[in-house]
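Enquirer: Before anything else, here's the structure in question.
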Amino acid sequence: MEDLLNKAETQEYFINMGPQHPSTHGVLRLMLTLDGEIIKKVEPHLGYIHRSIEKMSEKDSYYQMVHLTDRMDYLSCHINNEAVCLAIEKGLQLEIPDRVKYIRTIISELTRLSSHQLWWGVMGMDLGAITTFLYGFRDREMITDIFEETCGARLTMNYNVPGGLMFDIHPNFQKRTKDFIKHFKKKLPEYDELLSGNIIFTERTKDIGYLSKEDAISYGVTGPSGRGSGFACDVRKRIPYSAYDKVEFKEIIYTEGDSFARYKVRMDEMKESLYIIEQLIDNIPEGDFKAKTKAVIKLPDGEYYQRVETARGELGVYIISDNKKNPYRVKYRSPGFSNLSALDTMARGGKIADLVAMMSTLDLVIPDIDR
Amino acid sequence: MNFNIYDFTEFIISIDNWLKQLLSPGLAKITGMALIGVTFLLFVTLLGLSIVYIERKVCAFFQQRLGPMRVGFWGTAQTIADIIKLIFKEPLATKNSDKFLFNLAAFIVLISPFMVIAVVPFAKGLHALDFDIGLFYVTAVSSLGVTGILLAGWSSNNKYSLIGAMRSGAQIISYELSIGLSLLAIVILTGSLQLSVIVESQRDGWWIFKGNIPAIVAFIIFIIASTAESNRGPFDLAEAESELTAGFHTEYSGIKFAFFFLAEYVNLFIIAAIGATVFFGGWMPLHIGNFTFFNEAMDIIPPIIWFFAKVAALIFLLMWFKWTFPRLRIDQLLQLEWKYLLPLSILNLVLMTIVSLTGWHL
C-alpha cells in the first residue's frame with residue numbers, strides 16, 4: 001500500500017478564488033495553490049477596486065477629502081471620517097467642543113456595533129448557516145435607522161466635518177439609542193446560542209488559522225484580529241482620542257490566536273461597545289456641535305498623523321501639508337491591507353473550507369484594502 | 001369501479017380489469033405501464049414544485065421574513081414562474097467540456113429518485129411495485145444518484161465542480177453504510193424487507209415506539225446519514241455555496257439546472273418517505289395497544305393523509321437542520337461517519353438482535 005501511494009503521482013494545482021466569488025465579499029482575487037483540498041499557498045491579488053483615493057485627496061480641499069474616506073471601509077465610515085477630521089484639527093490646533101467629542105464617540109461605537117453585527121451574520125453564512133445573516137441584519141437595521149434620523153444617510157454618513165459635526169443630533173437620538181441597547185442586550189445571548197455554542201461551529205474554528213503573537217506584530221495585524229493573537233493594540237486604550245479617555249472599558253484580548261479567538265474578541269467587543277455607549281449617552285454636554293473654522297482651511301507646513309481604531313483595526317491618516325488649500329500628500333494606513341497580508345501564513349496546511357472561515361474572522365472589506 | 005379512500009387495492013384492480021376489457025392483454029399491460037409512468041411524472045413535478053415552495057416558506061419562517069409573496073396568492077405561483085423561466089433559458093456549456101457526459105449527467109441524477117419512488121407505499125394498495133426485497137432495492141438504487149453528480153463535476157471542465165463532485169462521491173459512498181445498517185435494525189424486528197409487510201407489522205404501534213432504545217438510535221443515525229446522502233445542509237459540502245460557488249452544478253443553466261434542483265427535492269421527499277415508512281408506520285394510523293376507542297378514532301383519518309403528514313413532518317425536520325446548522329468540513333464529515341456513526345450503527349445492530357431475541361420490544 002505504501003509503495004502504491006508513493007508511486008501514485010499527485011500534482012499541485014492552481015485555482016482562482018475570485019475576483020467573483022461569494023466568500024471573498026468583494027473583488028478580492030486569491031490565487032490558491034492546492035494539493036487536493038489542502039492549501040499550499042495563498043497569493044492575494046489586489047487592484048480590482050482601486051479608486052486612487054489618496055491621489056484624489058491631493059486635488060481636493062480639506063473639506064472635500066473627508067467624504068472620500070467613506071468609500072474606504074464602508075462599514076466603519078464614521079470612524080474613517082473621524083480619523084481625517086482629527087488629523088486636520090490637529091494641524092489647525094482647534095479646540096473641539098466636548099459635545100462633539102461625546103457624539104463622535106457614541107456614533108463611532110454604534111458604527112463598530114453595526115459592523116460587528118454584519119460580520120457576525122456573514123461569518124455564519126460563510127460557514128453555511130445562512131440564517132445568521134438575516135439575524136445580523138435585523139439588529140443592524142435599528143442602528144442604520146438611528147443614523148438615518150441623525151444625518152440622513154444610512155451607510156456612507158459624512159457626519160463629520162473638520163471642526164465638528166455637520167448637524168446637531170436629532171432630539172430622538174438618545175431615546176432611540178437607549179431602546180436599541182435594551183433590544184440588543186436581549187439579542188446577544190441569541191447570537192451565542194445560534195453560533196458560538198454550536199459544536200459544528202467550534203469544530204470549524206478552534207485551532208484553525210493559527211496566528212502567533214510575533215507574526216501578528218510583524219505583519220501589523222491590528223484590531224480584533226490582532227487582539228485574538230494576544231497583541232494589545234487597541235488604539236482607543238493606548239492613545240485615546242475623542243472621548244475615550246473619559247469612559248472605562250476593557251481591552252478584549254485572547255491569546256489562542258485561532259479563528260475562534262478572533263470570533264470571541266468581536267463578540268465580547270460588542271458588549272464593551274454597548275457599555276461605552278451606556279456611559280456616554282446620558283451625559284452628552286450642552287454646547288456647540290461645531291468649532292468655528294474658516295471657509296478655506298489651510299494647514300500650516302508640516303506632517304500630521306492621526307490613528308484611530310476602526311471596526312477592523314488601526315487606521316492611520318498621514319497628511320503632509322505645504323500651506324496650500326489642498327494637502328501635498330495623503331497616505332492612509334488601512335487595517336484591511338495589513339490583516340490580509342497574514343492570510344498566507346495562517347492558511348498554509350489548512351483546507352479550502354478553513355480558508356473561508358479565516359477570511360471571515362479577519363473581517364476583510366475589500367475597498368479598504370485597495371483604496 | 002368502487003373507490004375507497006381507506007383501501008386502494010380494489011380500485012387499482014378495477015382499473016386493471018377495465019383496461020383488460022377494453023384492450024388486448026399485451027396492449028393493456030403497456031397502457032397500464034404508461035399510465036403509471038405519466039402519473040409518477042406528474043406527481044414528481046408537482047412534488048418538486050410544492051417542496052421548493054415549502055422550503056422557501058420554511059426558510060423564511062426561520063429567518064424572520066415572509067418569503068415569496070408576490071406571484072399568486074401568498075407567492076404560491078412563484079415556483080411555477082421560476083420553472084417557466086428556467087425552461088426558456090439558454091442551456092450553456094463551458095468550453096472544452098465533455099458535451100455528451102455534461103448533458104447526460106443531468107438526466108442520470110433524476111433516474112434514481114424515480115426508481116425509488118416506485119416502491120413507496122402511499123396508502124394501502126397504492127404503490128407501483130411491492131416486492132419482497134423492497135428495502136434492499138431502495139438502498140441499492142438510491143446510490144445511483146452519485147454517478148450523475150460525479151459525471152457532472154467531471155465533465156464541466158471546472159475545478160470547483162470537480163472538487164464538489166469528489167467530495168460528494170466520498171460522502172455518499174460513506175454514508176450509505178450507515179443508512180443500510182440503520183434500516184437493517186428494523187428489518188430484524190419485522191423479519192421482512194417488503195415495505196408493505198413492514199407497514200403491516202406496525203398495526204399496533206410504530207417501530208419508533210415499539211422497538212425499544214435501538215429503534216430510536218437507528219432513527220437518529222438514519223436521519224443524519226440520509227441528510228448527508230442527499231447533500232443537504234449541514235452536509236451540503238458538494239454544493240458549498242461559500243466555498244465552491246455551487247459545486248458540481250456550477251456550470252449548469254436552464255432546464256438542466258432545474259433537473260439537479262428537482263432531483264435534490266425529490267430525494268428529500270424519498271428520505272422522508274422511507275423514514276416515515278420504516279420508523280413511523282408509513283400510512284398506518286397511530287395505534288396504541290388495545291385502546292380500541294382511540295384506535296378507531298385514529299382510523300377515521302384516511303391512510304394517505306397519515307402518510308403525507310408524517311412525510312411533511314420529517315421534511316420540516318430536515319429543513320430545520322439545514323437552516324440552523326453551519327456546514328461541516330470534509331475531513332470532519334468523514335470522521336463523523338467512519339469513527340462514530342458506523343461503529344455505533346454496528347453496535348446498534350447487535351443490540352437490536354439481542355432485543356429481538358429476548359423479546360424486549362413490544
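FYI, nothing fancy with the C-alpha cells labels: chains A, B, ... in order, residues from 1 per chain, ligands from 1 as they appear.
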Using only C-alpha atoms, find which residues of chain A lie within 6 Å of chain B and jot them down as a list in words.
Expert: Pro22, Ser23, Asp126, Leu127, Gly128, Ala129, Thr131 and Leu134 of chain A
Enquirer: Output C-alpha atoms for every residue in that selection, as a short mmCIF file (atom, residue, chain, number, x, y, z; two decimals), in the first residue's frame.
Expert:
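Resulting contents of out.cif:
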data_model
loop_
_atom_site.label_atom_id
_atom_site.label_comp_id
_atom_site.auth_asym_id
_atom_site.auth_seq_id
_atom_site.Cartn_x
_atom_site.Cartn_y
_atom_site.Cartn_z
CA PRO A 22 -19.28 34.53 -2.85
CA SER A 23 -16.97 34.37 0.15
CA ASP A 126 -19.52 31.66 5.15
CA LEU A 127 -19.70 28.57 7.31
CA GLY A 128 -23.02 27.56 5.75
CA ALA A 129 -25.56 28.83 8.30
CA THR A 131 -29.94 32.22 8.86
CA LEU A 134 -30.68 37.71 8.42
#
Enquirer: Within segment 90-198 of chain A, find each residue whose DSSP state, derived from the backbone, is strand (DSSP E), and express the selection as a list in words.
Expert: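 Answer for segment 90-198 of chain A restricted to strand (DSSP E) is Asn160, Val161, Gly164 and Leu165 of chain A.
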Enquirer: Could those residues be written to a file, using N, CA and C atoms, as a PDB file, in the first residue's frame?
Expert:
ATOM      1  N   ASN A 160     -19.119  63.816   9.864  1.00  0.00           N
ATOM      2  CA  ASN A 160     -18.036  64.631  10.402  1.00  0.00           C
ATOM      3  C   ASN A 160     -17.597  65.685   9.412  1.00  0.00           C
ATOM      4  N   VAL A 161     -17.267  66.855   9.918  1.00  0.00           N
ATOM      5  CA  VAL A 161     -16.545  67.847   9.117  1.00  0.00           C
ATOM      6  C   VAL A 161     -15.373  68.314   9.976  1.00  0.00           C
ATOM      7  N   GLY A 164     -15.876  69.650  13.710  1.00  0.00           N
ATOM      8  CA  GLY A 164     -17.052  69.195  14.460  1.00  0.00           C
ATOM      9  C   GLY A 164     -17.946  68.295  13.662  1.00  0.00           C
ATOM     10  N   LEU A 165     -19.253  68.572  13.771  1.00  0.00           N
ATOM     11  CA  LEU A 165     -20.211  67.724  13.077  1.00  0.00           C
ATOM     12  C   LEU A 165     -21.012  68.552  12.096  1.00  0.00           C
TER      13      LEU A 165
END
Enquirer: Among segment 257-292 of chain A, which residues carry a DSSP assignment of alpha helix (DSSP H), reported as an mmCIF file with C-alpha atoms, in the first residue's frame?
Expert:
data_model
loop_
_atom_site.group_PDB
_atom_site.id
_atom_site.type_symbol
_atom_site.label_atom_id
_atom_site.label_comp_id
_atom_site.auth_asym_id
_atom_site.auth_seq_id
_atom_site.Cartn_x
_atom_site.Cartn_y
_atom_site.Cartn_z
ATOM 1 C CA SER A 259 -10.241 31.660 14.372
ATOM 2 C CA PHE A 260 -12.381 31.097 17.433
ATOM 3 C CA ALA A 261 -10.335 33.575 19.486
ATOM 4 C CA ARG A 262 -10.804 36.235 16.821
ATOM 5 C CA TYR A 263 -14.504 35.431 16.813
ATOM 6 C CA LYS A 264 -14.737 35.744 20.596
ATOM 7 C CA VAL A 265 -12.886 39.073 20.589
ATOM 8 C CA ARG A 266 -15.544 40.586 18.342
ATOM 9 C CA MET A 267 -18.396 39.075 20.312
ATOM 10 C CA ASP A 268 -17.020 40.499 23.571
ATOM 11 C CA GLU A 269 -16.214 43.792 21.912
ATOM 12 C CA MET A 270 -19.896 44.229 21.096
ATOM 13 C CA LYS A 271 -20.661 44.058 24.819
ATOM 14 C CA GLU A 272 -17.936 46.609 25.561
ATOM 15 C CA SER A 273 -19.285 48.937 22.879
ATOM 16 C CA LEU A 274 -22.716 48.774 24.474
ATOM 17 C CA TYR A 275 -21.105 49.585 27.817
ATOM 18 C CA ILE A 276 -19.250 52.597 26.385
ATOM 19 C CA ILE A 277 -22.435 53.978 24.823
ATOM 20 C CA GLU A 278 -24.320 53.476 28.085
ATOM 21 C CA GLN A 279 -21.770 55.601 29.934
ATOM 22 C CA LEU A 280 -21.923 58.462 27.453
ATOM 23 C CA ILE A 281 -25.486 58.587 26.210
#
Enquirer: Restricting the calculation to only C-alpha atoms, which member of A:Leu92, A:Ile169, A:Met31, A:Met56 is positioned closest to Pro19 of chain A?
Expert: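 Among the listed residues, the smallest separation from Pro19 of chain A belongs to A:Met31.
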Enquirer: Neighbours of segment 121-135 of chain B within 10 Å (only C-alpha atoms; same-chain residues fewer than 4 positions away dropped), as a PyMOL selection string?
Expert: chain B and resi 5-13+33+36-37+40+116-117+139-141+180+183-184+187+192-200+273-274+277-278+282-284+302-308
Enquirer: Got a sec: who's within 8 Å of segment 112-115 of chain B, counting only C-alpha atoms, leaving out chain neighbours fewer than 6 positions off, as a list in words?
Expert: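 Residues near the query, excluding close chain neighbours: Phe40, Val141, Ser142, Ser143, Leu144, Gly145, Ala263, Val266, Asn267 and Ile270 of chain B.
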Enquirer: Excluding Gly91 of chain A and any residue of its chain fewer than 4 positions from it, enumerate the residues within 7 Å of it, using only C-alpha atoms, and give them as JSON, numbers by chain.
Expert: {"A": [87, 299, 300, 304]}
Enquirer: With N, CA and C atoms retained, export the selected residues as a PDB file, in the first residue's frame.
Expert:
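Writing the result to out_19.pdb gives the following:
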ATOM      1  N   ALA A  87      -7.093  64.473  12.231  1.00  0.00           N
ATOM      2  CA  ALA A  87      -5.775  64.852  11.709  1.00  0.00           C
ATOM      3  C   ALA A  87      -5.768  66.315  11.304  1.00  0.00           C
ATOM      4  N   LEU A 299      -3.700  74.127   6.088  1.00  0.00           N
ATOM      5  CA  LEU A 299      -2.907  73.590   7.183  1.00  0.00           C
ATOM      6  C   LEU A 299      -1.515  74.181   7.113  1.00  0.00           C
ATOM      7  N   PRO A 300      -0.933  74.533   8.246  1.00  0.00           N
ATOM      8  CA  PRO A 300       0.437  75.014   8.233  1.00  0.00           C
ATOM      9  C   PRO A 300       1.405  73.930   7.741  1.00  0.00           C
ATOM     10  N   TYR A 304       1.229  65.570   9.600  1.00  0.00           N
ATOM     11  CA  TYR A 304       0.271  65.275  10.665  1.00  0.00           C
ATOM     12  C   TYR A 304      -0.155  63.824  10.569  1.00  0.00           C
TER      13      TYR A 304
END
Enquirer: With only C-alpha atoms as the atoms that count, which of B:Tyr252, B:Phe209, B:Trp338, B:Tyr53 lies nearest to Ala225 of chain B?
Expert: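 Smallest separation from Ala225 of chain B among the options: B:Trp338.
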Enquirer: Excluding same-chain residues fewer than 4 positions from segment 318-324 of chain A, what lies within 7 Å of it counting only C-alpha atoms, as a list in words?
Expert: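 Selected residues are Lys298, Leu299, Pro300, Asp301, Gly302, Glu303, Tyr304, Tyr305, Gln306, Tyr328, Arg329, Val330, Lys331 and Tyr332 of chain A.
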Enquirer: Show me, as a PyMOL selection string, the residues that have an atom within 12 Å of Gly75 of chain B when counting only C-alpha atoms, minus same-chain residues fewer than 3 positions from it.
Expert: chain B and resi 50+52-54+56-57+66-72+78-82
Enquirer: Would you write out those residues with C-alpha atoms, as a compact mmCIF listing (two decimals), in the first residue's frame?
Expert:
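After the write, result-v9.txt holds the following:
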# COMPACT_ATOMS: atom_id res chain seq x y z
CA SER B 50 -44.51 22.23 -3.85
CA VAL B 52 -39.43 24.14 -3.33
CA TYR B 53 -42.24 26.48 -2.30
CA ILE B 54 -42.43 24.92 1.16
CA ARG B 56 -38.70 28.84 0.72
CA LYS B 57 -41.53 29.49 3.14
CA LEU B 66 -42.03 36.45 4.53
CA GLY B 67 -40.56 34.55 1.61
CA PRO B 68 -42.20 34.69 -1.82
CA MET B 69 -45.38 36.79 -1.61
CA ARG B 70 -45.91 38.47 -4.99
CA VAL B 71 -46.75 35.81 -7.59
CA GLY B 72 -50.12 34.25 -6.92
CA GLN B 78 -43.61 31.65 -7.65
CA THR B 79 -42.09 28.22 -8.30
CA ILE B 80 -44.15 27.79 -11.45
CA ALA B 81 -42.85 31.13 -12.69
CA ASP B 82 -39.31 30.02 -11.84
Enquirer: Which residue is closest to Ala216 of chain A? Choose from A:Glu286, A:Glu37, A:Glu203, A:Asp258 and count only C-alpha atoms.
Expert: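 Comparing A:Glu286, A:Glu37, A:Glu203, A:Asp258 against Ala216 of chain A, the winner is A:Asp258.
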Enquirer: What does the distance from atom CA of Asp16 of chain B to atom CA of Ile30 of chain B come to in Å, to one decimal?
Expert: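 Calculated distance between atom CA of Asp16 of chain B and atom CA of Ile30 of chain B is 11.4 Å.
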Enquirer: With distances taken over only C-alpha atoms, which residue among B:Val217, B:Ala272, B:Ala118, B:Glu90 lies nearest Phe316 of chain B?
Expert: B:Ala272
Enquirer: Find the distance between atom CA of His78 of chain A and atom CA of Leu155 of chain A and write it in Å to one decimal.
Expert: 9.0 Å
Enquirer: Provide the atom CA of Gln93 of chain A to atom CA of Ala295 of chain A distance in Å, to one decimal place.
Expert: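 Atom-to-atom, atom CA of Gln93 of chain A to atom CA of Ala295 of chain A, that is 16.2 Å.
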Enquirer: Pick the closest to Ser242 of chain A from A:Leu113, A:Ala342, A:Val356, A:Val308: which is it, counting only C-alpha atoms?
Expert: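 Smallest separation from Ser242 of chain A among the options: A:Val308.
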